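Next up, upload21.pdb (PDB, C-alpha atoms and all ligand atoms):
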```pdb
ATOM      1  CA  MET X   2     143.892  74.116 208.745
ATOM      2  CA  THR X   3     144.925  77.092 210.911
ATOM      3  CA  SER X   4     146.560  74.599 213.288
ATOM      4  CA  THR X   5     149.166  73.625 210.658
ATOM      5  CA  ILE X   6     149.988  77.264 209.975
ATOM      6  CA  ASN X   7     152.070  79.215 212.445
ATOM      7  CA  LEU X   8     150.265  82.547 212.696
ATOM      8  CA  GLN X   9     153.179  84.160 214.527
ATOM      9  CA  ASP X  10     155.486  83.346 211.585
ATOM     10  CA  ILE X  11     152.948  84.733 209.141
ATOM     11  CA  LEU X  12     152.549  87.844 211.298
ATOM     12  CA  ALA X  13     156.312  88.445 211.602
ATOM     13  CA  PHE X  14     156.729  88.062 207.838
ATOM     14  CA  ALA X  15     153.794  90.406 207.129
ATOM     15  CA  ILE X  16     155.179  93.054 209.497
ATOM     16  CA  THR X  17     158.603  93.019 207.804
ATOM     17  CA  LEU X  18     156.938  93.149 204.404
ATOM     18  CA  ALA X  19     154.687  96.048 205.409
ATOM     19  CA  ARG X  20     157.663  98.075 206.629
ATOM     20  CA  GLN X  21     159.590  97.410 203.389
ATOM     21  CA  ALA X  22     156.536  98.360 201.342
ATOM     22  CA  GLY X  23     156.038 101.437 203.536
ATOM     23  CA  ALA X  24     159.523 102.687 202.634
ATOM     24  CA  LYS X  25     158.604 102.341 198.952
ATOM     25  CA  ILE X  26     155.327 104.204 199.501
ATOM     26  CA  LYS X  27     157.178 107.058 201.209
ATOM     27  CA  HIS X  28     159.705 107.208 198.398
ATOM     28  CA  GLY X  29     156.830 107.199 195.889
ATOM     29  CA  SER X  30     155.256 110.096 197.743
ATOM     30  CA  ALA X  31     158.475 112.128 197.738
ATOM     31  CA  THR X  32     158.846 111.677 193.972
ATOM     32  CA  ARG X  33     155.189 111.771 192.966
ATOM     33  CA  PHE X  34     155.423 115.060 191.063
ATOM     34  CA  GLU X  35     158.344 113.975 188.881
ATOM     35  CA  ALA X  36     157.566 113.896 185.176
ATOM     36  CA  SER X  37     157.697 110.124 184.652
ATOM     37  CA  THR X  38     155.319 109.241 187.471
ATOM     38  CA  GLY X  39     151.661 109.690 186.806
ATOM     39  CA  VAL X  40     148.204 109.312 188.254
ATOM     40  CA  ASP X  41     145.728 107.238 186.279
ATOM     41  CA  GLU X  42     142.003 106.907 186.679
ATOM     42  CA  LYS X  43     140.330 103.527 187.071
ATOM     43  CA  LYS X  44     136.536 103.388 186.944
ATOM     44  CA  ASN X  45     136.133 107.197 187.059
ATOM     45  CA  ALA X  46     137.975 110.471 187.727
ATOM     46  CA  VAL X  47     138.010 109.960 191.510
ATOM     47  CA  ASP X  48     139.165 106.308 191.506
ATOM     48  CA  LEU X  49     142.926 106.754 191.267
ATOM     49  CA  VAL X  50     145.951 104.538 190.765
ATOM     50  CA  THR X  51     149.623 105.509 190.627
ATOM     51  CA  GLU X  52     152.816 103.785 189.564
ATOM     52  CA  THR X  53     153.609 103.367 193.259
ATOM     53  CA  ASP X  54     150.417 101.328 193.834
ATOM     54  CA  GLN X  55     151.453  98.984 191.041
ATOM     55  CA  ALA X  56     155.142  98.782 191.986
ATOM     56  CA  VAL X  57     154.372  98.104 195.652
ATOM     57  CA  GLU X  58     151.874  95.366 194.812
ATOM     58  CA  ALA X  59     154.349  93.715 192.404
ATOM     59  CA  PHE X  60     157.016  93.762 195.135
ATOM     60  CA  VAL X  61     154.737  92.368 197.844
ATOM     61  CA  LYS X  62     153.329  89.678 195.565
ATOM     62  CA  GLN X  63     156.821  88.551 194.578
ATOM     63  CA  GLU X  64     158.021  88.387 198.194
ATOM     64  CA  ILE X  65     154.964  86.368 199.241
ATOM     65  CA  SER X  66     155.198  83.890 196.374
ATOM     66  CA  THR X  67     158.901  83.349 197.072
ATOM     67  CA  ARG X  68     158.332  82.672 200.766
ATOM     68  CA  PHE X  69     154.949  80.901 200.507
ATOM     69  CA  PRO X  70     154.726  79.462 196.985
ATOM     70  CA  HIS X  71     151.601  77.418 197.788
ATOM     71  CA  HIS X  72     149.548  80.273 199.179
ATOM     72  CA  SER X  73     146.975  82.164 197.094
ATOM     73  CA  PHE X  74     147.139  85.901 196.476
ATOM     74  CA  ILE X  75     144.464  88.555 195.948
ATOM     75  CA  GLY X  76     145.560  92.139 195.332
ATOM     76  CA  GLU X  77     143.757  95.283 194.263
ATOM     77  CA  GLU X  78     146.077  96.039 191.360
ATOM     78  CA  SER X  79     146.229  92.416 190.167
ATOM     79  CA  HIS X  80     142.430  92.518 190.132
ATOM     80  CA  ALA X  81     142.519  95.825 188.231
ATOM     81  CA  ALA X  82     144.866  94.207 185.697
ATOM     82  CA  GLY X  83     142.259  91.523 185.043
ATOM     83  CA  GLU X  84     143.340  88.718 187.384
ATOM     84  CA  LYS X  85     140.436  86.667 188.716
ATOM     85  CA  HIS X  86     140.056  86.838 192.468
ATOM     86  CA  ILE X  87     137.887  84.364 194.310
ATOM     87  CA  LEU X  88     138.353  84.003 198.019
ATOM     88  CA  SER X  89     138.676  80.243 198.604
ATOM     89  CA  ASP X  90     139.430  78.187 201.711
ATOM     90  CA  ASP X  91     143.142  78.131 200.810
ATOM     91  CA  PRO X  92     145.627  80.171 202.822
ATOM     92  CA  THR X  93     145.289  83.493 201.009
ATOM     93  CA  TRP X  94     147.101  86.812 201.188
ATOM     94  CA  ILE X  95     144.822  89.781 200.512
ATOM     95  CA  VAL X  96     146.723  92.985 199.807
ATOM     96  CA  ASP X  97     145.958  96.599 199.089
ATOM     97  CA  PRO X  98     149.369  98.131 198.235
ATOM     98  CA  ILE X  99     148.092 101.640 199.007
ATOM     99  CA  ASP X 100     144.791 102.116 200.760
ATOM    100  CA  GLY X 101     144.007 105.799 200.634
ATOM    101  CA  THR X 102     145.409 106.498 197.159
ATOM    102  CA  THR X 103     143.663 109.882 196.959
ATOM    103  CA  ASN X 104     145.375 110.875 200.230
ATOM    104  CA  PHE X 105     148.669 109.595 198.793
ATOM    105  CA  VAL X 106     148.284 111.720 195.652
ATOM    106  CA  HIS X 107     147.434 114.820 197.690
ATOM    107  CA  GLY X 108     150.018 114.304 200.437
ATOM    108  CA  PHE X 109     147.379 113.935 203.169
ATOM    109  CA  PRO X 110     149.230 111.615 205.550
ATOM    110  CA  PHE X 111     146.623 108.846 205.891
ATOM    111  CA  SER X 112     147.646 106.154 203.432
ATOM    112  CA  CYS X 113     148.793 102.686 204.274
ATOM    113  CA  ILE X 114     149.584  99.245 203.011
ATOM    114  CA  SER X 115     147.059  96.642 204.108
ATOM    115  CA  ILE X 116     148.121  92.987 204.271
ATOM    116  CA  GLY X 117     145.524  90.442 205.328
ATOM    117  CA  PHE X 118     145.839  86.671 205.532
ATOM    118  CA  THR X 119     142.858  84.315 205.492
ATOM    119  CA  VAL X 120     142.414  80.612 206.103
ATOM    120  CA  GLY X 121     139.083  79.004 205.246
ATOM    121  CA  GLY X 122     137.969  82.474 204.142
ATOM    122  CA  GLU X 123     138.412  83.826 207.666
ATOM    123  CA  PRO X 124     140.889  86.682 208.247
ATOM    124  CA  VAL X 125     143.430  85.445 210.809
ATOM    125  CA  VAL X 126     146.369  87.844 210.421
ATOM    126  CA  GLY X 127     146.302  91.514 209.534
ATOM    127  CA  VAL X 128     148.938  94.234 209.226
ATOM    128  CA  VAL X 129     148.191  97.857 208.309
ATOM    129  CA  TYR X 130     151.126 100.265 208.087
ATOM    130  CA  ASN X 131     150.924 104.026 207.613
ATOM    131  CA  PRO X 132     154.523 105.014 206.789
ATOM    132  CA  PHE X 133     153.771 108.753 206.949
ATOM    133  CA  LEU X 134     152.929 108.587 210.649
ATOM    134  CA  ASP X 135     155.061 105.460 211.217
ATOM    135  CA  GLN X 136     152.055 103.669 212.718
ATOM    136  CA  LEU X 137     151.899  99.929 212.288
ATOM    137  CA  TYR X 138     148.772  98.079 213.376
ATOM    138  CA  SER X 139     148.857  94.312 213.596
ATOM    139  CA  GLY X 140     146.672  91.485 214.783
ATOM    140  CA  ALA X 141     146.602  87.701 214.739
ATOM    141  CA  LYS X 142     143.672  85.519 215.709
ATOM    142  CA  GLY X 143     143.898  84.626 219.389
ATOM    143  CA  HIS X 144     146.937  86.844 219.959
ATOM    144  CA  GLY X 145     145.452  90.343 220.275
ATOM    145  CA  SER X 146     146.186  93.405 218.223
ATOM    146  CA  PHE X 147     148.851  96.056 218.669
ATOM    147  CA  LEU X 148     150.112  99.465 217.624
ATOM    148  CA  ASN X 149     153.793  99.371 216.680
ATOM    149  CA  GLU X 150     153.991  95.792 218.005
ATOM    150  CA  THR X 151     154.098  96.772 221.671
ATOM    151  CA  THR X 152     151.034  98.840 222.571
ATOM    152  CA  ARG X 153     147.975  96.629 222.922
ATOM    153  CA  LEU X 154     144.712  97.803 221.365
ATOM    154  CA  PRO X 155     142.401  99.383 222.296
ATOM    155  CA  LEU X 156     144.583 102.259 223.454
ATOM    156  CA  VAL X 157     142.368 102.947 226.486
ATOM    157  CA  ALA X 158     141.434  99.948 228.613
ATOM    158  CA  PRO X 159     138.934  99.189 229.933
ATOM    159  CA  ALA X 160     137.043 100.598 226.969
ATOM    160  CA  PRO X 161     134.447 103.215 227.907
ATOM    161  CA  SER X 162     130.734 102.452 227.673
ATOM    162  CA  LEU X 163     128.756 103.262 224.512
ATOM    163  CA  PRO X 164     125.087 103.153 225.511
ATOM    164  CA  SER X 165     123.652 104.600 222.293
ATOM    165  CA  LEU X 166     124.444 105.849 218.823
ATOM    166  CA  SER X 167     123.938 109.444 219.937
ATOM    167  CA  ARG X 168     127.183 109.216 221.927
ATOM    168  CA  ALA X 169     129.266 107.944 219.012
ATOM    169  CA  LEU X 170     132.021 109.393 216.848
ATOM    170  CA  LEU X 171     131.527 107.702 213.474
ATOM    171  CA  GLY X 172     133.825 106.947 210.565
ATOM    172  CA  ILE X 173     132.033 107.350 207.225
ATOM    173  CA  GLU X 174     133.401 107.686 203.694
ATOM    174  CA  TRP X 175     132.279 109.296 200.457
ATOM    175  CA  GLY X 176     133.898 106.520 198.362
ATOM    176  CA  SER X 177     134.504 106.677 194.633
ATOM    177  CA  ASP X 178     131.001 105.772 193.409
ATOM    178  CA  ARG X 179     129.340 109.177 192.936
ATOM    179  CA  SER X 180     126.388 107.935 190.899
ATOM    180  CA  PRO X 181     123.065 109.664 191.696
ATOM    181  CA  GLU X 182     121.556 106.507 193.224
ATOM    182  CA  VAL X 183     124.480 105.851 195.561
ATOM    183  CA  MET X 184     124.845 109.503 196.534
ATOM    184  CA  SER X 185     121.161 109.813 197.330
ATOM    185  CA  ASN X 186     121.233 106.736 199.598
ATOM    186  CA  LYS X 187     124.432 107.924 201.244
ATOM    187  CA  LEU X 188     123.235 111.459 201.866
ATOM    188  CA  LYS X 189     119.922 110.210 203.269
ATOM    189  CA  SER X 190     121.838 107.881 205.595
ATOM    190  CA  PHE X 191     124.295 110.585 206.660
ATOM    191  CA  ASP X 192     121.405 112.962 207.371
ATOM    192  CA  ASN X 193     119.657 110.331 209.496
ATOM    193  CA  LEU X 194     122.864 109.727 211.442
ATOM    194  CA  ILE X 195     124.022 113.305 211.887
ATOM    195  CA  GLY X 196     120.819 115.345 211.907
ATOM    196  CA  GLN X 197     118.539 116.394 214.742
ATOM    197  CA  GLY X 198     114.815 115.640 214.970
ATOM    198  CA  GLU X 199     112.325 112.857 214.400
ATOM    199  CA  GLY X 200     114.041 109.642 213.251
ATOM    200  CA  LYS X 201     117.553 111.148 213.425
ATOM    201  CA  ALA X 202     120.355 109.816 215.621
ATOM    202  CA  MET X 203     122.320 113.062 215.993
ATOM    203  CA  VAL X 204     125.653 111.315 216.573
ATOM    204  CA  ARG X 205     128.417 113.369 218.182
ATOM    205  CA  GLY X 206     130.404 113.657 214.970
ATOM    206  CA  VAL X 207     131.628 112.017 211.791
ATOM    207  CA  ARG X 208     135.124 111.712 210.331
ATOM    208  CA  SER X 209     136.472 110.516 206.966
ATOM    209  CA  LEU X 210     140.079 109.336 207.055
ATOM    210  CA  GLY X 211     140.054 108.374 203.367
ATOM    211  CA  SER X 212     141.325 104.867 204.018
ATOM    212  CA  ALA X 213     139.068 101.979 204.940
ATOM    213  CA  ALA X 214     141.943 100.077 206.565
ATOM    214  CA  LEU X 215     142.871 103.064 208.744
ATOM    215  CA  ASN X 216     139.212 103.521 209.722
ATOM    216  CA  PHE X 217     139.193  99.903 210.947
ATOM    217  CA  CYS X 218     142.377 100.588 212.920
ATOM    218  CA  ALA X 219     140.900 103.763 214.421
ATOM    219  CA  VAL X 220     137.930 101.705 215.668
ATOM    220  CA  ALA X 221     140.303  99.020 216.985
ATOM    221  CA  SER X 222     142.250 101.763 218.792
ATOM    222  CA  GLY X 223     139.066 103.248 220.278
ATOM    223  CA  GLN X 224     139.557 106.593 218.490
ATOM    224  CA  LEU X 225     136.382 106.049 216.459
ATOM    225  CA  ASP X 226     133.393 104.262 217.989
ATOM    226  CA  MET X 227     132.105 102.885 214.691
ATOM    227  CA  TYR X 228     132.847 102.876 210.992
ATOM    228  CA  TRP X 229     130.352 102.206 208.188
ATOM    229  CA  GLU X 230     130.930 101.862 204.487
ATOM    230  CA  ILE X 231     129.335 100.154 201.495
ATOM    231  CA  GLY X 232     131.517  99.525 198.456
ATOM    232  CA  CYS X 233     134.875  98.496 199.928
ATOM    233  CA  TRP X 234     136.593  95.388 198.599
ATOM    234  CA  GLU X 235     138.210  92.559 200.522
ATOM    235  CA  TRP X 236     141.678  94.114 200.142
ATOM    236  CA  ASP X 237     140.444  97.239 201.928
ATOM    237  CA  VAL X 238     139.133  95.286 204.917
ATOM    238  CA  ALA X 239     140.782  91.848 205.353
ATOM    239  CA  ALA X 240     143.608  93.072 207.587
ATOM    240  CA  GLY X 241     141.453  95.593 209.427
ATOM    241  CA  ILE X 242     138.900  92.923 210.322
ATOM    242  CA  VAL X 243     141.455  90.903 212.306
ATOM    243  CA  ILE X 244     142.853  94.003 213.991
ATOM    244  CA  ALA X 245     139.364  95.203 215.000
ATOM    245  CA  LEU X 246     138.147  91.786 216.180
ATOM    246  CA  GLU X 247     141.276  91.143 218.242
ATOM    247  CA  ALA X 248     140.776  94.512 219.959
ATOM    248  CA  GLY X 249     137.300  93.425 221.064
ATOM    249  CA  GLY X 250     135.450  94.978 218.136
ATOM    250  CA  ARG X 251     132.680  93.395 216.129
ATOM    251  CA  VAL X 252     132.219  93.448 212.380
ATOM    252  CA  PHE X 253     128.770  93.344 210.770
ATOM    253  CA  GLY X 254     127.765  93.104 207.100
ATOM    254  CA  SER X 255     124.402  93.856 205.560
ATOM    255  CA  LYS X 256     121.572  94.944 207.846
ATOM    256  CA  LYS X 257     119.669  91.954 206.441
ATOM    257  CA  SER X 258     122.228  89.424 207.726
ATOM    258  CA  ASP X 259     122.170  87.538 211.023
ATOM    259  CA  LEU X 260     123.735  90.096 213.360
ATOM    260  CA  SER X 261     124.797  87.465 215.873
ATOM    261  CA  ALA X 262     126.810  85.516 213.247
ATOM    262  CA  GLU X 263     130.602  85.338 213.496
ATOM    263  CA  CYS X 264     132.881  86.736 210.786
ATOM    264  CA  SER X 265     132.755  84.656 207.588
ATOM    265  CA  ALA X 266     134.106  84.703 204.027
ATOM    266  CA  GLU X 267     130.712  86.095 202.909
ATOM    267  CA  LEU X 268     131.192  89.023 205.244
ATOM    268  CA  VAL X 269     134.763  89.633 204.028
ATOM    269  CA  THR X 270     133.655  89.793 200.388
ATOM    270  CA  GLY X 271     130.184  91.261 201.034
ATOM    271  CA  ARG X 272     131.049  94.940 200.243
ATOM    272  CA  LYS X 273     129.035  96.174 203.268
ATOM    273  CA  TYR X 274     130.760  96.783 206.587
ATOM    274  CA  LEU X 275     129.826  98.176 209.980
ATOM    275  CA  ILE X 276     132.476  97.950 212.715
ATOM    276  CA  ILE X 277     131.800  98.705 216.351
ATOM    277  CA  ARG X 278     134.593  98.996 218.902
ATOM    278  CA  GLY X 279     134.898  96.872 222.017
ATOM    279  CA  ILE X 280     132.538  98.053 224.756
ATOM    280  CA  PRO X 281     131.886  96.903 228.324
ATOM    281  CA  GLU X 282     128.322  95.995 227.245
ATOM    282  CA  GLY X 283     129.936  93.158 225.207
ATOM    283  CA  LYS X 284     128.511  91.375 222.192
ATOM    284  CA  GLU X 285     124.854  92.045 223.146
ATOM    285  CA  GLY X 286     125.595  95.747 223.442
ATOM    286  CA  GLN X 287     127.359  95.752 220.064
ATOM    287  CA  VAL X 288     124.438  93.936 218.404
ATOM    288  CA  ALA X 289     121.993  96.421 219.970
ATOM    289  CA  LEU X 290     124.063  99.329 218.614
ATOM    290  CA  ALA X 291     124.215  97.691 215.175
ATOM    291  CA  LYS X 292     120.409  97.375 215.181
ATOM    292  CA  GLU X 293     120.044 101.011 216.176
ATOM    293  CA  PHE X 294     122.540 102.023 213.484
ATOM    294  CA  TYR X 295     120.797 100.028 210.744
ATOM    295  CA  GLU X 296     117.469 101.709 211.542
ATOM    296  CA  HIS X 297     119.055 104.934 210.313
ATOM    297  CA  VAL X 298     120.730 103.893 207.071
ATOM    298  CA  VAL X 299     119.643 102.951 203.587
ATOM    299  CA  GLU X 300     121.537 100.056 201.991
ATOM    300  CA  TRP X 301     122.238  99.575 198.293
ATOM    301  CA  ASP X 302     123.960  96.922 196.232
ATOM    302  CA  GLN X 303     127.374  98.050 195.131
ATOM    303  CA  LEU X 304     128.517  97.122 191.628
TER     304      LEU X 304
HETATM  305  C1  LIG X 401     139.483 103.336 199.061
HETATM  306  C2  LIG X 401     139.663 104.007 200.397
HETATM  307  C3  LIG X 401     138.468 104.887 200.686
HETATM  308  C4  LIG X 401     137.202 104.096 200.694
HETATM  309  C5  LIG X 401     137.043 103.292 199.428
HETATM  310  C6  LIG X 401     138.282 102.469 199.137
HETATM  311  P1  LIG X 401     141.762 102.981 197.720
HETATM  312  O1  LIG X 401     140.580 102.536 198.740
HETATM  313  O2  LIG X 401     139.794 103.048 201.409
HETATM  314  O3  LIG X 401     138.571 105.486 201.940
HETATM  315  O4  LIG X 401     136.134 104.982 200.815
HETATM  316  O5  LIG X 401     135.930 102.440 199.586
HETATM  317  O6  LIG X 401     138.120 101.775 197.908
HETATM  318  O7  LIG X 401     141.131 103.228 196.387
HETATM  319  O8  LIG X 401     142.368 104.218 198.270
HETATM  320  O9  LIG X 401     142.669 101.820 197.744
HETATM  321 CA    CA X 402     144.316 100.809 196.849
END
```
Here is a file; write its structure as structure tokens.
Amino acid sequence: MTSTINLQDILAFAITLARQAGAKIKHGSATRFEASTGVDEKKNAVDLVTETDQAVEAFVKQEISTRFPHHSFIGEESHAAGEKHILSDDPTWIVDPIDGTTNFVHGFPFSCISIGFTVGGEPVVGVVYNPFLDQLYSGAKGHGSFLNETTRLPLVAPAPSLPSLSRALLGIEWGSDRSPEVMSNKLKSFDNLIGQGEGKAMVRGVRSLGSAALNFCAVASGQLDMYWEIGCWEWDVAAGIVIALEAGGRVFGSKKSDLSAECSAELVTGRKYLIIRGIPEGKEGQVALAKEFYEHVVEWDQL
């Protein structure tokens, strides 16, 4: 199926769309304290949505359906409005209009639009654009991934070695599920990763950018060595998966899955993600690091 679809056309369209959407996000940010614009809560007080999220998704959805009327569409705000979303084999656009909505609301400049495109459930094109820093990450299967269309990722090549978890800078997130069960599993995992002593990895450091898509791009760039999160949705990760894979990274799902398996639709929709950057030790080295990582974390099933 991919052979009948011109990925470069899809990529060029997605880049233009991301820049147009980015201008709307910036405008939304500049006017976010005006009386008519509000912040609403979704599942709880830390799961936010703004009028800009909804307006940007409506715009992007309209542009896609005009240009590609036969393609499917999955978007975070369409899902929130009750639209069914099932990732099928059809060519499908998967969009988060603003990833990092909390950052957007607070003016912390790490929000982006994330536009992914899948065929047969596999992400094959991804564009992530942070309009506040004017950083556009893009990738297409077999064509590499880039920052601002010209700088190939990772930013430093050849990528430096990563012999063990203890040498890593990790991306982790607090997420919006603050239930006691999830927090206890998360804190136990974070302690095992960060702490010193028996059974602890004592990684070099952890960072939380507040946007899953930008965490993926930081791993693709080589600025983070790994990123782990449970609870993201496909719109948070579809674009980032392509960008990370095309930069030599590897994406893993649950610790119970086959770690040598390639990226699949199950992984995209599986809500559990571990991404490891490209390393000179190659796939075996990445699988070994994933095993070491999984020894230190507790998994849970995200509702
Ligand atoms: C969230 C952000 C956050 C991550 C959550 C996502 P949103 O997306 O990416 O960093 O921890 O899992 O749901 O709500 O800002 O689009
Ligand atoms: Ca969002």
Selection under test: the PyMOL selection byres (((chain X and resi 76-82) around 10) and not hetatm); residues as a short mmCIF file (atom, residue, chain, number, x, y, z; two decimals) with C-alpha atoms, in the coordinates of the input:
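Just written: expr-v3.cif:
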```cif
data_model
loop_
_atom_site.label_atom_id
_atom_site.label_comp_id
_atom_site.auth_asym_id
_atom_site.auth_seq_id
_atom_site.Cartn_x
_atom_site.Cartn_y
_atom_site.Cartn_z
CA LYS X 43 140.33 103.53 187.07
CA LYS X 44 136.54 103.39 186.94
CA VAL X 50 145.95 104.54 190.76
CA ASP X 54 150.42 101.33 193.83
CA GLN X 55 151.45 98.98 191.04
CA ALA X 56 155.14 98.78 191.99
CA VAL X 57 154.37 98.10 195.65
CA GLU X 58 151.87 95.37 194.81
CA ALA X 59 154.35 93.72 192.40
CA VAL X 61 154.74 92.37 197.84
CA LYS X 62 153.33 89.68 195.56
CA PHE X 74 147.14 85.90 196.48
CA ILE X 75 144.46 88.56 195.95
CA GLY X 83 142.26 91.52 185.04
CA GLU X 84 143.34 88.72 187.38
CA LYS X 85 140.44 86.67 188.72
CA HIS X 86 140.06 86.84 192.47
CA TRP X 94 147.10 86.81 201.19
CA ILE X 95 144.82 89.78 200.51
CA VAL X 96 146.72 92.98 199.81
CA ASP X 97 145.96 96.60 199.09
CA PRO X 98 149.37 98.13 198.24
CA ILE X 99 148.09 101.64 199.01
CA ASP X 100 144.79 102.12 200.76
CA SER X 115 147.06 96.64 204.11
CA ILE X 116 148.12 92.99 204.27
CA TRP X 234 136.59 95.39 198.60
CA GLU X 235 138.21 92.56 200.52
CA TRP X 236 141.68 94.11 200.14
CA ASP X 237 140.44 97.24 201.93
#
```
Margin query: Let me see if you get this right: every residue at most 7 Å from ligand LIG 401 (chain X), counting only C-alpha atoms and all ligand atoms, written as a VMD selection string.
Written below: chain X and resid 48 to 49 97 99 to 103 174 to 177 210 to 214 232 to 234 237
Go through stretch 195-275 of chain X and flag each residue having an atom no more than 6 Å from stretch 128-144 of chain X; for those, report the closest pair of atoms plus their distance in Å to one decimal, using all atoms listed in the file, ordered by chain and rising number, as a Markdown table.
```
| residue | atom | partner | partner_atom | distance |
| --- | --- | --- | --- | --- |
| X:Ala240 | CA | X:Val128 | CA | 5.7 |
| X:Val243 | CA | X:Gly140 | CA | 5.8 |
| X:Ile244 | CA | X:Gly140 | CA | 4.6 |
```
Note to self: Calculated over only C-alpha atoms and all ligand atoms, which of the candidates X:Leu304, X:Ala202, X:Ala19, X:Cys113 has the smallest distance to ligand CA 402 (chain X)?
What the structure shows: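 Checking each of X:Leu304, X:Ala202, X:Ala19, X:Cys113 against ligand CA 402 (chain X), counting only C-alpha atoms and all ligand atoms, the winner is X:Cys113.
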Check: Which residues, written as a ChimeraX atom specification, have at least one atom at most 12 Å from X:Lys292, with only C-alpha atoms counted and residues fewer than 6 positions away on the same chain left out?
Finding: /X:165-166,253-261,275,277,285-286,298
Go ahead and write the selection's residues with C-alpha atoms as a PDB file, keeping the file's coordinate frame.
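Final file, result-v7.pdb:
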```pdb
ATOM      1  CA  SER X 165     123.652 104.600 222.293  1.00  0.00           C
ATOM      2  CA  LEU X 166     124.444 105.849 218.823  1.00  0.00           C
ATOM      3  CA  PHE X 253     128.770  93.344 210.770  1.00  0.00           C
ATOM      4  CA  GLY X 254     127.765  93.104 207.100  1.00  0.00           C
ATOM      5  CA  SER X 255     124.402  93.856 205.560  1.00  0.00           C
ATOM      6  CA  LYS X 256     121.572  94.944 207.846  1.00  0.00           C
ATOM      7  CA  LYS X 257     119.669  91.954 206.441  1.00  0.00           C
ATOM      8  CA  SER X 258     122.228  89.424 207.726  1.00  0.00           C
ATOM      9  CA  ASP X 259     122.170  87.538 211.023  1.00  0.00           C
ATOM     10  CA  LEU X 260     123.735  90.096 213.360  1.00  0.00           C
ATOM     11  CA  SER X 261     124.797  87.465 215.873  1.00  0.00           C
ATOM     12  CA  LEU X 275     129.826  98.176 209.980  1.00  0.00           C
ATOM     13  CA  ILE X 277     131.800  98.705 216.351  1.00  0.00           C
ATOM     14  CA  GLU X 285     124.854  92.045 223.146  1.00  0.00           C
ATOM     15  CA  GLY X 286     125.595  95.747 223.442  1.00  0.00           C
ATOM     16  CA  VAL X 298     120.730 103.893 207.071  1.00  0.00           C
TER      17      VAL X 298
END
```
Checklist line | Counting all atoms listed in the file, the option among X:Gly127, X:Gly196, X:Pro161, X:Gly206 closest to X:Glu282 | finding: X:Pro161
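For the set X:Ile242, X:Ala158, X:Ile114, X:Val220, the residue with the smallest atom-to-atom gap to ligand CA 402 (chain X) is X:Ile114, counting all atoms listed in the file.
You can rank X:Val238, X:Val157, X:Leu188, X:Ala221 by their closest distance to ligand CA 402 (chain X) using all atoms listed in the file, and at the top of that list sits X:Val238.
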With 4 Å added on each side, what axis-aligned box encloses every listed atom of stretch 166-171 of chain X? Give the centre and edge lengths in Å to one decimal, as JSON.
```
{"center_x": 128.0, "center_y": 107.6, "center_z": 217.7, "size_x": 16.1, "size_y": 11.6, "size_z": 16.5}
```
Check: In Å, how far is it from atom CA of X:Gly241 to atom CA of X:Val126?
Finding: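 Between these atoms lies a distance of 9.2 Å.
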Taking (129.6, 97.4, 200.9) in the file's own coordinates, collect the residues within 7 Å, counting all atoms listed in the file, and hand them back as a tab-separated table (two decimals) with C-alpha atoms, in the frame of the given file.
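The resulting file, out_18.tsv, is shown below:
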```
chain	number	residue	atom	x	y	z
X	230	GLU	CA	130.93	101.86	204.49
X	231	ILE	CA	129.34	100.15	201.50
X	232	GLY	CA	131.52	99.52	198.46
X	233	CYS	CA	134.88	98.50	199.93
X	271	GLY	CA	130.18	91.26	201.03
X	272	ARG	CA	131.05	94.94	200.24
X	273	LYS	CA	129.04	96.17	203.27
X	274	TYR	CA	130.76	96.78	206.59
X	303	GLN	CA	127.37	98.05	195.13
```
Check: Got a sec to resolve the PyMOL selection byres (((chain X and resi 225) around 9) and not hetatm) on this structure and send the residues as a list of chain:residue names?
Finding: X:Ala169, X:Leu170, X:Leu171, X:Gly172, X:Val207, X:Arg208, X:Asn216, X:Phe217, X:Cys218, X:Ala219, X:Val220, X:Ala221, X:Ser222, X:Gly223, X:Gln224, X:Asp226, X:Met227, X:Tyr228, X:Ile277, X:Arg278
Check: atom CA of ligand CA 402 (chain X) to atom CA of X:Tyr295: how many Å, to one decimal?
Finding: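 These atoms are spaced 27.3 Å apart.
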Notebook entry, point to check: To one decimal place, how far is atom CA of X:Phe118 from atom CA of X:Ala239 in Å?
Noted result: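 Rounded to one decimal, the two atoms are 7.2 Å apart.
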Next item on the list: Can you pull out every residue within 10 Å of X:Glu296, counting all atoms listed in the file, but drop anything in the same chain fewer than 4 positions away, and send it as a PyMOL selection string?
Entry: chain X and resi 190+193-194+200-202+256+290-292
